[in-house]
Each structure stands twice: as structure tokens, then as C-alpha cells.
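**Student:** Provided below: model_16.csv, containing CSV, C-alpha atoms and all ligand atoms.
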chain,number,residue,atom,x,y,z
L,1319,MET,CA,16.6,-1.0,10.5
L,1320,LYS,CA,16.6,-2.7,7.0
L,1321,LEU,CA,13.5,-2.7,4.9
L,1322,LEU,CA,13.3,-5.7,2.6
L,1323,SER,CA,11.5,-4.2,-0.4
L,1324,SER,CA,10.8,-4.1,-4.1
L,1325,PRO,CA,10.5,-1.1,-6.3
L,1326,THR,CA,6.9,-1.5,-7.4
L,1327,SER,CA,5.2,-3.1,-4.4
L,1328,PRO,CA,2.4,-0.8,-3.2
L,1329,TYR,CA,2.5,-2.4,0.3
L,1330,VAL,CA,6.2,-1.5,0.4
L,1331,ARG,CA,5.4,2.0,-0.8
L,1332,LYS,CA,3.0,2.4,2.1
L,1333,VAL,CA,5.8,1.6,4.6
L,1334,ARG,CA,8.3,3.8,2.8
L,1335,VAL,CA,5.9,6.8,2.8
L,1336,VAL,CA,5.4,6.3,6.6
L,1337,PHE,CA,9.2,6.2,7.2
L,1338,ILE,CA,9.5,9.5,5.4
L,1339,GLU,CA,6.5,11.2,7.0
L,1340,LYS,CA,7.8,10.1,10.4
L,1341,LYS,CA,11.3,11.3,9.5
L,1342,LEU,CA,12.8,7.9,10.4
L,1343,ASP,CA,15.9,6.5,8.8
L,1344,TYR,CA,16.1,3.1,7.3
L,1345,GLN,CA,18.1,1.1,4.8
L,1346,PRO,CA,16.1,-0.1,1.8
L,1347,GLU,CA,17.1,-3.5,0.4
L,1348,ASP,CA,15.3,-4.0,-2.9
L,1349,GLY,CA,15.0,-7.6,-4.0
L,1350,ASN,CA,13.0,-10.0,-6.1
L,1351,VAL,CA,11.1,-12.4,-3.9
L,1352,TRP,CA,10.1,-14.4,-7.0
L,1353,ALA,CA,13.8,-15.1,-7.8
L,1354,PRO,CA,14.9,-18.7,-7.2
L,1355,ASP,CA,17.8,-17.4,-5.0
L,1356,THR,CA,15.7,-15.1,-2.9
L,1357,ARG,CA,16.5,-15.3,0.8
L,1358,ILE,CA,13.3,-13.5,2.0
L,1359,GLN,CA,12.1,-16.6,3.9
L,1360,GLU,CA,15.1,-16.2,6.2
L,1361,HIS,CA,13.2,-13.2,7.6
L,1362,ASN,CA,9.5,-13.7,6.6
L,1363,PRO,CA,8.4,-17.3,6.3
L,1364,LEU,CA,5.5,-16.0,4.2
L,1365,GLY,CA,8.1,-15.0,1.6
L,1366,LYS,CA,6.7,-11.5,1.1
L,1367,VAL,CA,7.9,-7.9,1.1
L,1368,PRO,CA,7.8,-5.5,2.9
L,1369,CYS,CA,9.6,-7.1,5.8
L,1370,LEU,CA,11.4,-4.9,8.4
L,1371,VAL,CA,14.6,-6.4,9.8
L,1372,MET,CA,15.6,-4.9,13.1
L,1373,ASP,CA,19.2,-4.2,14.2
L,1374,ASP,CA,19.0,-7.3,16.5
L,1375,GLY,CA,18.0,-9.5,13.5
L,1376,SER,CA,14.4,-9.9,14.4
L,1377,ALA,CA,11.8,-9.3,11.7
L,1378,LEU,CA,8.4,-7.5,11.5
L,1379,PHE,CA,5.7,-8.1,8.8
L,1380,ASP,CA,3.3,-7.4,7.3
L,1381,SER,CA,2.9,-3.8,6.2
L,1382,ARG,CA,0.2,-3.0,8.7
L,1383,VAL,CA,2.3,-4.3,11.6
L,1384,ILE,CA,5.3,-2.4,10.3
L,1385,VAL,CA,3.5,1.0,9.9
L,1386,GLU,CA,1.8,0.6,13.3
L,1387,TYR,CA,5.2,0.0,14.9
L,1388,LEU,CA,6.8,3.0,13.0
L,1389,ASP,CA,4.1,5.3,14.2
L,1390,THR,CA,5.1,4.5,17.9
L,1391,LEU,CA,8.8,5.3,17.2
L,1392,SER,CA,8.6,9.1,16.8
L,1393,PRO,CA,6.2,11.8,18.1
L,1394,VAL,CA,6.5,13.4,14.6
L,1395,GLY,CA,3.3,13.4,12.7
L,1396,SER,CA,1.1,10.8,14.4
L,1397,LEU,CA,-0.6,8.8,11.7
L,1398,ILE,CA,-2.8,6.5,13.7
L,1399,PRO,CA,-5.1,7.7,16.5
L,1400,LYS,CA,-4.1,6.3,19.9
L,1401,SER,CA,-7.4,4.5,20.7
L,1402,GLY,CA,-11.1,4.0,20.3
L,1403,LYS,CA,-13.3,4.3,17.2
L,1404,GLU,CA,-11.0,6.8,15.5
L,1405,ARG,CA,-8.1,4.3,15.6
L,1406,ALA,CA,-10.4,1.5,14.4
L,1407,ALA,CA,-11.6,3.7,11.6
L,1408,VAL,CA,-8.1,4.5,10.3
L,1409,LYS,CA,-7.2,0.8,10.4
L,1410,CYS,CA,-10.4,-0.1,8.6
L,1411,TRP,CA,-9.5,2.4,5.9
L,1412,GLU,CA,-6.1,0.7,5.7
L,1413,ALA,CA,-7.9,-2.7,5.4
L,1414,LEU,CA,-10.1,-1.4,2.6
L,1415,ALA,CA,-7.1,0.0,0.8
L,1416,ASP,CA,-4.9,-3.1,1.3
L,1417,GLY,CA,-7.8,-5.3,0.3
L,1418,THR,CA,-8.1,-3.4,-2.9
L,1419,LEU,CA,-4.4,-4.1,-3.5
L,1420,ASP,CA,-5.0,-7.8,-2.8
L,1421,ALA,CA,-7.7,-7.9,-5.4
L,1422,SER,CA,-5.5,-5.9,-7.9
L,1423,ILE,CA,-2.5,-8.2,-7.4
L,1424,ALA,CA,-4.7,-11.3,-7.7
L,1425,ILE,CA,-5.7,-10.1,-11.2
L,1426,VAL,CA,-2.0,-9.4,-12.1
L,1427,MET,CA,-1.1,-12.9,-11.0
L,1428,GLU,CA,-4.0,-14.5,-12.8
L,1429,LEU,CA,-3.0,-12.7,-16.0
L,1430,LYS,CA,0.5,-14.1,-15.7
L,1431,ARG,CA,-0.9,-17.7,-16.0
L,1432,PRO,CA,-1.1,-19.3,-19.4
L,1433,VAL,CA,-4.3,-18.0,-21.1
L,1434,ALA,CA,-5.9,-21.4,-21.1
L,1435,GLN,CA,-5.5,-21.6,-17.3
L,1436,GLN,CA,-6.9,-18.1,-16.6
L,1437,SER,CA,-10.3,-17.9,-15.0
L,1438,PRO,CA,-12.3,-15.0,-16.4
L,1439,GLU,CA,-14.8,-15.5,-13.5
L,1440,ALA,CA,-12.0,-15.2,-10.9
L,1441,ILE,CA,-10.7,-12.0,-12.6
L,1442,GLU,CA,-14.2,-10.5,-12.8
L,1443,ARG,CA,-14.8,-11.2,-9.1
L,1444,GLN,CA,-11.6,-9.3,-8.2
L,1445,TYR,CA,-12.6,-6.4,-10.5
L,1446,GLY,CA,-15.9,-6.3,-8.6
L,1447,LYS,CA,-14.0,-5.8,-5.3
L,1448,ILE,CA,-11.9,-3.0,-6.8
L,1449,ASP,CA,-15.0,-1.2,-8.2
L,1450,ALA,CA,-16.9,-1.5,-4.9
L,1451,ALA,CA,-13.9,-0.4,-2.9
L,1452,LEU,CA,-13.3,2.7,-5.0
L,1453,ILE,CA,-16.9,3.7,-4.5
L,1454,ALA,CA,-16.6,3.2,-0.8
L,1455,MET,CA,-13.4,5.3,-0.7
L,1456,GLU,CA,-15.0,8.0,-2.8
L,1457,THR,CA,-18.0,8.1,-0.6
L,1458,GLY,CA,-16.1,7.9,2.6
L,1459,LEU,CA,-13.8,10.7,1.7
L,1460,GLY,CA,-16.6,12.8,0.3
L,1461,GLU,CA,-15.9,16.6,0.3
L,1462,GLN,CA,-13.5,16.2,3.3
L,1463,SER,CA,-9.8,17.3,3.0
L,1464,PHE,CA,-8.6,13.8,4.1
L,1465,CYS,CA,-10.2,10.4,4.6
L,1466,MET,CA,-10.7,11.0,8.3
L,1467,GLY,CA,-11.7,14.6,8.0
L,1468,VAL,CA,-9.3,17.5,8.5
L,1469,GLY,CA,-6.2,15.6,9.5
L,1470,PHE,CA,-3.8,13.6,7.4
L,1471,THR,CA,-3.6,10.0,8.6
L,1472,LEU,CA,-2.4,6.5,7.6
L,1473,ALA,CA,-5.8,6.2,5.9
L,1474,ASP,CA,-4.7,8.7,3.2
L,1475,ILE,CA,-1.3,7.0,2.8
L,1476,ALA,CA,-3.0,3.6,2.2
L,1477,VAL,CA,-5.5,5.0,-0.2
L,1478,GLY,CA,-2.8,7.0,-2.0
L,1479,CYS,CA,-0.8,3.8,-2.5
L,1480,VAL,CA,-3.9,2.1,-4.1
L,1481,LEU,CA,-4.4,5.0,-6.5
L,1482,GLY,CA,-0.8,5.0,-7.5
L,1483,TYR,CA,-0.8,1.2,-8.0
L,1484,LEU,CA,-3.9,1.4,-10.2
L,1485,ASP,CA,-2.1,4.0,-12.3
L,1486,LEU,CA,0.9,1.7,-12.5
L,1487,ARG,CA,-0.7,-1.6,-13.3
L,1488,PHE,CA,-4.3,-0.7,-14.4
L,1489,ALA,CA,-3.9,2.4,-16.5
L,1490,HIS,CA,-7.1,1.3,-18.4
L,1491,ILE,CA,-9.1,2.0,-15.3
L,1492,ASP,CA,-10.0,5.7,-15.6
L,1493,TRP,CA,-10.9,6.1,-12.0
L,1494,ARG,CA,-10.4,9.8,-11.9
L,1495,SER,CA,-13.3,10.6,-14.3
L,1496,THR,CA,-15.8,8.8,-12.0
L,1497,HIS,CA,-14.2,9.4,-8.5
L,1498,SER,CA,-13.6,13.2,-8.3
L,1499,ASN,CA,-13.0,13.2,-4.6
L,1500,LEU,CA,-10.3,10.6,-4.9
L,1501,ALA,CA,-8.8,12.5,-7.8
L,1502,ARG,CA,-8.6,15.6,-5.6
L,1503,LEU,CA,-6.9,13.5,-2.8
L,1504,ASP,CA,-4.5,11.9,-5.2
L,1505,LYS,CA,-3.4,15.3,-6.6
L,1506,LYS,CA,-2.9,16.6,-3.0
L,1507,LEU,CA,-0.9,13.5,-1.9
L,1508,SER,CA,1.2,13.5,-5.1
L,1509,SER,CA,2.8,16.8,-4.1
L,1510,ARG,CA,3.9,15.5,-0.7
L,1511,GLN,CA,7.7,14.7,-0.5
L,1512,SER,CA,6.9,11.2,0.8
L,1513,PHE,CA,4.9,10.4,-2.3
L,1514,LEU,CA,7.3,12.2,-4.7
L,1515,GLU,CA,10.2,10.2,-3.3
L,1516,THR,CA,8.4,6.8,-3.5
L,1517,ASN,CA,6.8,7.1,-6.9
L,1518,PRO,CA,7.1,3.7,-8.5
L,1519,PRO,CA,9.2,3.4,-11.7
L,1520,ALA,CA,7.1,3.3,-14.9
L,1521,ALA,CA,5.7,-0.2,-15.5
L,1601,LIG,C1,1.1,-8.3,1.5
L,1601,LIG,C2,2.5,-8.2,0.9
L,1601,LIG,C3,2.6,-8.8,-0.5
L,1601,LIG,O1,1.7,-9.4,-1.0
L,1601,LIG,C4,1.5,-6.7,3.4
L,1601,LIG,O2,2.7,-6.5,3.5
L,1601,LIG,O3,0.6,-5.9,3.6
L,1601,LIG,N1,-0.3,-8.3,3.5
L,1601,LIG,C5,1.0,-8.1,3.0
L,1601,LIG,N2,3.7,-8.5,-1.1
L,1601,LIG,C6,4.0,-9.1,-2.4
L,1601,LIG,C7,4.8,-8.1,-3.3
L,1601,LIG,S1,3.7,-7.0,-4.1
L,1601,LIG,O4,2.9,-7.6,-4.9
L,1601,LIG,O5,3.4,-6.0,-3.3
L,1601,LIG,C8,4.9,-10.3,-2.3
L,1601,LIG,O6,5.9,-10.2,-1.6
L,1601,LIG,N3,4.6,-11.4,-2.9
L,1601,LIG,C9,5.4,-12.6,-2.9
L,1601,LIG,C10,4.5,-13.8,-2.7
L,1601,LIG,O7,5.1,-14.9,-2.6
L,1601,LIG,O8,3.3,-13.6,-2.5
Would you mind writing the file out in C-alpha cells?
**Tutor:**
Amino acid sequence: MKLLSSPTSPYVRKVRVVFIEKKLDYQPEDGNVWAPDTRIQEHNPLGKVPCLVMDDGSALFDSRVIVEYLDTLSPVGSLIPKSGKERAAVKCWEALADGTLDASIAIVMELKRPVAQQSPEAIERQYGKIDAALIAMETGLGEQSFCMGVGFTLADIAVGCVLGYLDLRFAHIDWRSTHSNLARLDKKLSSRQSFLETNPPAA
């Protein structure tokens, strides 16, 4: 399997962490989907990474679909509960985390526009989503060892990728000083081989 990726994408990192946690092999293929000569749309019409290209040439996207598929490939370290409310709760954690990434990237993209075309209101609205999501994660995690309680799941991976992305692109947000539960989780995740191996390069 080939993973069309980029070095700093937090959605890509989520998939790479799952590959490593599940002890599954893959070939990373880093690229720049913004480059004029990108060929990403040969595999993902949406033009986005991550995109998993299977040995038969078929493609899977987006990151949620890919990680759900990877979790079925190996009995090693199940990351998503098989059914019911527990499964839905893990995927809701992932939706909360990915939505925080969506808001973060929306700000990054808005700030790339010429200043005269930037919308402070649009940026503020996205920051509001990030702030509310961090509070929800902090509260949901609480004093527990992991997001879902005692066991490590995809929820922790998704949240960990958000925290790492905030450190990469939003170093001015001192989330650790106001979200001590998340700071504890981040410290714990950062020592896992899967997070060590996928640390994004400095901005
Ligand atoms: C989001 C992927 C995405 O926005 C997922 O995989 O979960 N819902 C999707 N990827 C960005 C790179 S990055 O900012 O992480 C991407 O490929 N953007 C290119 C574009 O044309 O939007």
C-alpha cells in the first residue's frame, strides 16, 4: 500500500500513527498537493492527502476512512470499538479532533491571502471553534488516562495530532497552561514510538 502524504499534514500524521500502532507496512509518498504538477487527483478527485493507494490501484480517502480500514487489517492493538455507543464515541472524538484541524487549517489558509482580502471575522470564528473544541476535549478527557477511559484508542491519536499541529502552526496558543489534562495526555503520547516517528519537521 502507498500512502500519498505530506510531511506536515496532521491528517496524514493520524494515518501514519495508526500504521505504526497496528504494525502495518506501507510506502509513504510525500508530495505537494499545491504544486502545479501534482498528480493527486489521479487518485483522489478532491485533491487532498492523505490518500491510500492499494496494490490494485484503487484509492481510499479521507483519513477517517483510511484509519477505519487499517484497524480491520490486523488484530494488533484494536483502536476502534467494534460496535455500539463506544464505537460512535471514538468516532465522535475523531470528528471533534478533525474539526479542530479543519478550523486551524482554515485560519492558516486565510492568513495566506493578501492582507486586504483576509476576513478578521472569519478568522475569529475559526478560533472560536478551536477554543470550544479544546475545552470539550479537556473536559471529556478529565482525569482519565485516555480519552475513552483506561484504554488507548483512535480518539487519543486524533487528539494527539491536533495538539501537535497547534504546536507546529499555532505556537502562540499556550493551550498547556489552561488545559492540564490535555497537557498530561500530550506528554504521554509524545513518548510513544508512533508519535516519535511521525513528529512533524519544525515549521
Ligand atoms: C482532510 C485532508 C486535508 O484537508 C482528511 O483526510 O481527513 N478530511 C480530510 N488535507 C490537506 C493537507 S493538510 O492541510 O493536512 C490537503 O490535502 N489540502 C489540499 C486541498 O486542496 O485542500
**Student:** List all protein, DNA and RNA residues that have an atom no more than 8 Å from any atom of ligand LIG 1601 (chain L), counting only C-alpha atoms and all ligand atoms, and report them as a list in words.
**Tutor:**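 Residues lying within 8 Å of ligand LIG 1601 (chain L): Ser1324, Thr1326, Ser1327, Pro1328, Tyr1329, Val1330, Val1351, Trp1352, Leu1364, Gly1365, Lys1366, Val1367, Pro1368, Cys1369, Phe1379, Asp1380, Ser1381, Arg1382, Asp1416, Asp1420 and Ile1423 of chain L.
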**Student:** Nearest residue to L:Glu1456 out of L:Ser1323, L:Ser1508, L:Ser1498, L:Ser1437, using all atoms listed in the file?
**Tutor:** L:Ser1498
**Student:** Quick one: of L:Ala1424, L:Leu1322, L:Ile1453, L:Ala1413, who's nearest to L:Ala1440, counting all atoms listed in the file?
**Tutor:**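 The shortest atom-to-atom distance to L:Ala1440 comes from L:Ala1424.
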**Student:** Please report the interatomic distance between atom CA of L:Thr1516 and atom CA of L:Pro1325 in Å with one decimal.
**Tutor:**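 It comes out at 8.6 Å.
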**Student:** Would you mind listing what lies within 8 Å of L:Val1371 as a list in words, with all atoms listed in the file counted and same-chain residues fewer than 2 positions away left out?
**Tutor:**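 Counting all atoms listed in the file, the residues come to Met1319, Lys1320, Leu1321, Leu1322, His1361, Cys1369, Asp1373, Gly1375, Ser1376, Ala1377 and Leu1378 of chain L.
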**Student:** Which is closer to L:Arg1334 than all the others in L:Lys1430, L:Ala1520, L:Ile1384, L:Gly1349, using only C-alpha atoms?
**Tutor:**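 Selected residue with least distance to L:Arg1334: L:Ile1384.
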**Student:** Identify which of the residues L:Ala1476, L:Ser1495, L:Leu1397, L:Glu1428 lies closest to L:Phe1513, counting all atoms listed in the file when measuring atom-to-atom distances.
**Tutor:**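 Looking only at the distances to L:Phe1513, the closest residue turns out to be L:Ala1476.
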**Student:** Which one of L:Met1466, L:Ala1450, L:Val1336, L:Thr1418 sits closest to L:Leu1484 if you count all atoms listed in the file?
**Tutor:**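 Answer, going by the shortest atom-to-atom distance: L:Thr1418.
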**Student:** In Å, rounded to a single decimal, give me how far atom CA of L:Tyr1483 is from atom CA of L:Lys1400.
**Tutor:** 28.6 Å
**Student:** Please identify all polymer residues within 12 Å of stretch 1458-1465 of chain L, counting only C-alpha atoms, omitting same-chain residues fewer than 2 positions from it, and present them as a VMD selection string.
**Tutor:** chain L and resid 1404 1407 to 1412 1414 to 1415 1451 to 1456 1467 to 1478 1497 to 1507
**Student:** Using Å and a single decimal, report how far atom CA of L:Asp1374 sits from atom CA of L:Glu1360.
**Tutor:**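 Distance reported for this atom pair: 14.2 Å.
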**Student:** I need the residue nearest L:Arg1494 from this list: L:Leu1429, L:Val1383, L:Ile1441, L:Leu1481. Use only C-alpha atoms for the distance.
**Tutor:**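 Using only C-alpha atoms, the shortest distance to L:Arg1494 belongs to L:Leu1481.
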